[in-house]
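J.: upload15.pdb (PDB, C-alpha atoms) pasted underneath:
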```pdb
ATOM      1  CA  MET A   1     -66.951  60.612 -19.531
ATOM      2  CA  SER A   2     -67.009  57.937 -22.190
ATOM      3  CA  HIS A   3     -64.115  55.635 -22.864
ATOM      4  CA  SER A   4     -63.601  57.057 -26.340
ATOM      5  CA  LYS A   5     -62.578  60.423 -24.870
ATOM      6  CA  LEU A   6     -59.821  59.105 -22.527
ATOM      7  CA  PRO A   7     -56.360  60.420 -23.391
ATOM      8  CA  TRP A   8     -54.380  57.592 -24.989
ATOM      9  CA  PRO A   9     -50.716  57.967 -25.797
ATOM     10  CA  SER A  10     -49.800  57.851 -29.444
ATOM     11  CA  ARG A  11     -48.003  54.853 -30.907
ATOM     12  CA  ARG A  12     -44.887  56.984 -31.308
ATOM     13  CA  ALA A  13     -44.941  57.919 -27.593
ATOM     14  CA  LEU A  14     -45.388  54.260 -26.598
ATOM     15  CA  ARG A  15     -42.449  53.210 -28.807
ATOM     16  CA  ARG A  16     -40.278  55.952 -27.318
ATOM     17  CA  GLN A  17     -41.122  54.839 -23.762
ATOM     18  CA  HIS A  18     -40.421  51.210 -24.699
ATOM     19  CA  TRP A  19     -36.956  52.035 -26.082
ATOM     20  CA  ARG A  20     -36.101  54.287 -23.128
ATOM     21  CA  GLY A  21     -36.871  51.367 -20.831
ATOM     22  CA  ARG A  22     -34.594  49.082 -22.826
ATOM     23  CA  ILE A  23     -31.762  51.629 -22.829
ATOM     24  CA  TRP A  24     -31.942  52.023 -19.034
ATOM     25  CA  LEU A  25     -32.020  48.237 -18.650
ATOM     26  CA  ALA A  26     -28.894  47.907 -20.815
ATOM     27  CA  VAL A  27     -27.122  50.669 -18.871
ATOM     28  CA  GLY A  28     -28.049  49.028 -15.566
ATOM     29  CA  ILE A  29     -26.770  45.634 -16.678
ATOM     30  CA  SER A  30     -23.513  47.198 -17.910
ATOM     31  CA  LEU A  31     -22.926  49.063 -14.648
ATOM     32  CA  THR A  32     -23.707  45.946 -12.607
ATOM     33  CA  GLY A  33     -21.145  43.997 -14.628
ATOM     34  CA  LEU A  34     -18.515  46.676 -14.081
ATOM     35  CA  SER A  35     -19.069  46.773 -10.348
ATOM     36  CA  LEU A  36     -18.778  42.981 -10.025
ATOM     37  CA  THR A  37     -15.755  42.613 -12.322
ATOM     38  CA  PRO A  38     -13.033  43.432  -9.721
ATOM     39  CA  VAL A  39     -14.598  41.004  -7.259
ATOM     40  CA  ALA A  40     -14.566  38.202  -9.802
ATOM     41  CA  PHE A  41     -10.963  38.869 -10.796
ATOM     42  CA  ALA A  42      -9.721  39.210  -7.214
ATOM     43  CA  ALA A  43     -11.324  35.945  -6.138
ATOM     44  CA  GLY A  44      -8.617  33.585  -7.384
ATOM     45  CA  ARG A  45      -8.122  33.596 -11.099
ATOM     46  CA  LEU A  46      -5.136  32.363 -13.054
ATOM     47  CA  PRO A  47      -4.452  32.609 -16.799
ATOM     48  CA  GLN A  48      -6.347  29.980 -18.798
ATOM     49  CA  GLY A  49      -5.793  28.122 -22.065
ATOM     50  CA  GLY A  50      -2.081  28.829 -22.558
ATOM     51  CA  THR A  51      -0.490  27.306 -25.667
ATOM     52  CA  TYR A  52       3.000  27.948 -27.071
ATOM     53  CA  THR A  53       2.713  29.082 -30.700
ATOM     54  CA  ALA A  54       6.433  29.904 -31.076
ATOM     55  CA  GLY A  55       9.396  28.687 -29.067
ATOM     56  CA  THR A  56       9.119  25.873 -26.553
ATOM     57  CA  GLY A  57       8.258  25.614 -22.907
ATOM     58  CA  THR A  58       5.979  24.193 -20.269
ATOM     59  CA  ILE A  59       3.032  25.642 -18.379
ATOM     60  CA  VAL A  60       2.422  24.015 -14.983
ATOM     61  CA  ASN A  61      -0.418  24.806 -12.577
ATOM     62  CA  GLN A  62       0.685  24.570  -8.927
ATOM     63  CA  GLY A  63      -2.504  25.358  -6.996
ATOM     64  CA  ASN A  64      -2.648  29.143  -6.702
ATOM     65  CA  ALA A  65       0.462  29.567  -8.857
ATOM     66  CA  LEU A  66       1.337  29.088 -12.494
ATOM     67  CA  LEU A  67       4.945  28.350 -13.514
ATOM     68  CA  ILE A  68       5.941  28.880 -17.140
ATOM     69  CA  THR A  69       9.397  27.534 -18.023
ATOM     70  CA  GLN A  70      11.075  28.370 -21.308
ATOM     71  CA  PRO A  71      14.368  26.417 -21.255
ATOM     72  CA  GLY A  72      16.989  27.102 -23.910
ATOM     73  CA  SER A  73      14.576  29.230 -25.926
ATOM     74  CA  THR A  74      15.388  32.920 -26.106
ATOM     75  CA  ARG A  75      11.954  33.853 -27.438
ATOM     76  CA  GLY A  76       8.508  32.434 -26.905
ATOM     77  CA  VAL A  77       4.953  33.316 -27.859
ATOM     78  CA  ILE A  78       1.982  32.045 -25.848
ATOM     79  CA  ASP A  79      -1.674  32.474 -26.776
ATOM     80  CA  TRP A  80      -4.103  32.572 -23.813
ATOM     81  CA  SER A  81      -7.891  32.450 -23.748
ATOM     82  CA  SER A  82      -7.770  34.647 -20.612
ATOM     83  CA  PHE A  83      -4.940  36.217 -18.614
ATOM     84  CA  SER A  84      -5.910  37.451 -15.149
ATOM     85  CA  ILE A  85      -4.237  36.872 -11.793
ATOM     86  CA  GLY A  86      -6.249  36.819  -8.558
ATOM     87  CA  ARG A  87      -5.118  38.613  -5.417
ATOM     88  CA  HIS A  88      -3.430  35.654  -3.685
ATOM     89  CA  ASN A  89      -2.130  34.044  -6.882
ATOM     90  CA  SER A  90       1.127  34.276  -8.787
ATOM     91  CA  VAL A  91       2.403  33.650 -12.292
ATOM     92  CA  THR A  92       6.144  33.155 -12.768
ATOM     93  CA  PHE A  93       7.973  33.052 -16.106
ATOM     94  CA  ASP A  94      11.347  31.327 -15.926
ATOM     95  CA  ASN A  95      12.507  32.546 -19.335
ATOM     96  CA  GLY A  96      16.201  33.127 -18.612
ATOM     97  CA  THR A  97      17.322  36.358 -20.252
ATOM     98  CA  GLY A  98      14.911  35.798 -23.133
ATOM     99  CA  ALA A  99      11.522  37.294 -23.897
ATOM    100  CA  THR A 100       7.990  35.930 -23.797
ATOM    101  CA  LEU A 101       5.093  37.485 -25.684
ATOM    102  CA  ASN A 102       1.659  36.663 -24.235
ATOM    103  CA  ARG A 103      -1.328  37.266 -26.519
ATOM    104  CA  VAL A 104      -4.802  37.177 -24.985
ATOM    105  CA  THR A 105      -7.342  36.013 -27.545
ATOM    106  CA  GLY A 106     -10.469  35.877 -25.352
ATOM    107  CA  GLY A 107     -13.021  38.648 -25.061
ATOM    108  CA  SER A 108     -12.266  39.753 -21.481
ATOM    109  CA  PRO A 109      -9.833  42.351 -20.164
ATOM    110  CA  SER A 110      -6.893  41.188 -18.057
ATOM    111  CA  ALA A 111      -6.779  42.117 -14.375
ATOM    112  CA  ILE A 112      -3.578  41.659 -12.372
ATOM    113  CA  PHE A 113      -4.376  41.599  -8.655
ATOM    114  CA  GLY A 114      -1.639  39.102  -7.731
ATOM    115  CA  ARG A 115       2.048  38.716  -8.588
ATOM    116  CA  LEU A 116       3.403  38.516 -12.161
ATOM    117  CA  SER A 117       7.154  37.962 -12.456
ATOM    118  CA  ALA A 118       9.724  36.925 -15.050
ATOM    119  CA  THR A 119      13.475  36.376 -15.108
ATOM    120  CA  GLY A 120      13.654  37.926 -18.595
ATOM    121  CA  SER A 121      11.435  40.254 -20.602
ATOM    122  CA  LEU A 122       7.682  39.834 -20.563
ATOM    123  CA  TYR A 123       4.995  41.295 -22.828
ATOM    124  CA  VAL A 124       1.223  40.940 -22.441
ATOM    125  CA  ILE A 125      -1.071  42.082 -25.239
ATOM    126  CA  ASN A 126      -4.825  42.136 -24.728
ATOM    127  CA  PRO A 127      -7.026  44.131 -27.136
ATOM    128  CA  GLN A 128      -9.683  44.302 -24.380
ATOM    129  CA  GLY A 129      -7.302  46.065 -21.984
ATOM    130  CA  ILE A 130      -5.099  45.339 -18.967
ATOM    131  CA  VAL A 131      -5.558  46.596 -15.407
ATOM    132  CA  VAL A 132      -3.050  46.248 -12.584
ATOM    133  CA  GLY A 133      -5.011  46.472  -9.334
ATOM    134  CA  PRO A 134      -3.817  47.972  -6.030
ATOM    135  CA  SER A 135      -2.530  44.594  -4.823
ATOM    136  CA  GLY A 136      -0.967  43.704  -8.201
ATOM    137  CA  VAL A 137       2.820  43.404  -8.520
ATOM    138  CA  VAL A 138       4.724  43.101 -11.812
ATOM    139  CA  SER A 139       8.478  42.430 -11.778
ATOM    140  CA  THR A 140      10.679  41.372 -14.687
ATOM    141  CA  GLY A 141      14.386  40.842 -15.384
TER     142      GLY A 141
END
```
Rewrite the structure of this file - the entire thing - as structure tokens.
T.:
Amino acid sequence: MSHSKLPWPSRRALRRQHWRGRIWLAVGISLTGLSLTPVAFAAGRLPQGGTYTAGTGTIVNQGNALLITQPGSTRGVIDWSSFSIGRHNSVTFDNGTGATLNRVTGGSPSAIFGRLSATGSLYVINPQGIVVGPSGVVSTG
């Protein structure tokens, strides 16, 4: 049999196989990221990049805890680059009987695996989503 008579796939078939391979690669990468996400969040994360944009207060990191104090201000707004709490971590808002709005501006969903508490009202808005894990606890005034 000569080489000119060997069955060669058409260009269209080769392109189709190439794109199928890329699609499966993208699906595999996505699923791998999803399966590793809870592990990364549970490892010991705390909210990052907090800045008051309305009202006044302080944000203090205390090792595996974050303390947000909002003295004398009934309302506060904080923008965060990320807002996740690892399993053995805690975030406490000492906001009296006031309210604190937390806006997450980064591109990652929030995962609460630790303790989130506030003396007043607390709101967390993340367009990417919020998950409270099995070990997560949320308590507010």
J.: Residues picked by the PyMOL selection byres ((chain A and resi 62) around 12) here, as a list in words?
T.: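 Output of the PyMOL selection byres ((chain A and resi 62) around 12): Leu46, Ile59, Val60, Asn61, Gly63, Asn64, Ala65, Leu66, Leu67, Ile68, Asn89, Ser90, Val91 and Thr92 of chain A.
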J.: Write the residues of the selection above to a file with C-alpha atoms, as a PDB file, keeping the file's coordinate frame.
T.:
```
ATOM      1  CA  LEU A  46      -5.136  32.363 -13.054  1.00  0.00           C
ATOM      2  CA  ILE A  59       3.032  25.642 -18.379  1.00  0.00           C
ATOM      3  CA  VAL A  60       2.422  24.015 -14.983  1.00  0.00           C
ATOM      4  CA  ASN A  61      -0.418  24.806 -12.577  1.00  0.00           C
ATOM      5  CA  GLY A  63      -2.504  25.358  -6.996  1.00  0.00           C
ATOM      6  CA  ASN A  64      -2.648  29.143  -6.702  1.00  0.00           C
ATOM      7  CA  ALA A  65       0.462  29.567  -8.857  1.00  0.00           C
ATOM      8  CA  LEU A  66       1.337  29.088 -12.494  1.00  0.00           C
ATOM      9  CA  LEU A  67       4.945  28.350 -13.514  1.00  0.00           C
ATOM     10  CA  ILE A  68       5.941  28.880 -17.140  1.00  0.00           C
ATOM     11  CA  ASN A  89      -2.130  34.044  -6.882  1.00  0.00           C
ATOM     12  CA  SER A  90       1.127  34.276  -8.787  1.00  0.00           C
ATOM     13  CA  VAL A  91       2.403  33.650 -12.292  1.00  0.00           C
ATOM     14  CA  THR A  92       6.144  33.155 -12.768  1.00  0.00           C
TER      15      THR A  92
END
```
J.: For CA of Leu101 in chain A and CA of Gly114 in chain A, determine how far apart the two atoms are, in Å to one decimal place.
T.: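 Between CA of Leu101 in chain A and CA of Gly114 in chain A the gap is 19.2 Å.
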J.: To test your reading of the syntax: which residues would the PyMOL selection byres ((chain A and resi 98) around 7) return for the file shown? Reply as JSON, numbers by chain.
T.: {"A": [74, 75, 95, 96, 97, 99, 100, 120, 121]}
J.: Point out the residue among A:Gly107, A:Thr140, A:Phe113, A:Tyr123 with the least atom-to-atom distance to Gly76 in chain A, counting only C-alpha atoms.
T.: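 Looking at the shortest contact to Gly76 in chain A, the residue is A:Tyr123.
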J.: Calculate how many Å separate CA of Gly72 in chain A from CA of Ile85 in chain A, rounding to one decimal.
T.: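 Result for CA of Gly72 in chain A versus CA of Ile85 in chain A: 26.3 Å, one decimal.
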J.: Could you check how far CA of Thr56 in chain A sits from CA of Thr119 in chain A, in Å to one decimal?
T.: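 Computing the Euclidean distance for CA of Thr56 in chain A and CA of Thr119 in chain A yields 16.1 Å.
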J.: Excluding same-chain residues fewer than 6 positions from Ile130 in chain A, what lies within 8 Å of it counting all atoms listed in the file, as a list in words?
T.: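 Answer for this query is Pro109, Ser110, Ala111 and Ile112 of chain A.
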J.: Given the file shown, determine the residues that the PyMOL selection byres ((chain A and resi 50) around 7) selects; report them as a PyMOL selection string.
T.: chain A and resi 48-49+51-52+78-81
J.: Looking at all atoms listed in the file, which of A:Val77, A:Val104, A:Ala54, A:Val138 is the one that sits closest to Ala118 in chain A?
T.: A:Val138
J.: Identify which of the residues A:Arg45, A:Gly86, A:Ile125, A:Arg103 lies closest to Val137 in chain A, counting only C-alpha atoms when measuring atom-to-atom distances.
T.: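 Counting only C-alpha atoms, the residue closest to Val137 in chain A is A:Gly86.
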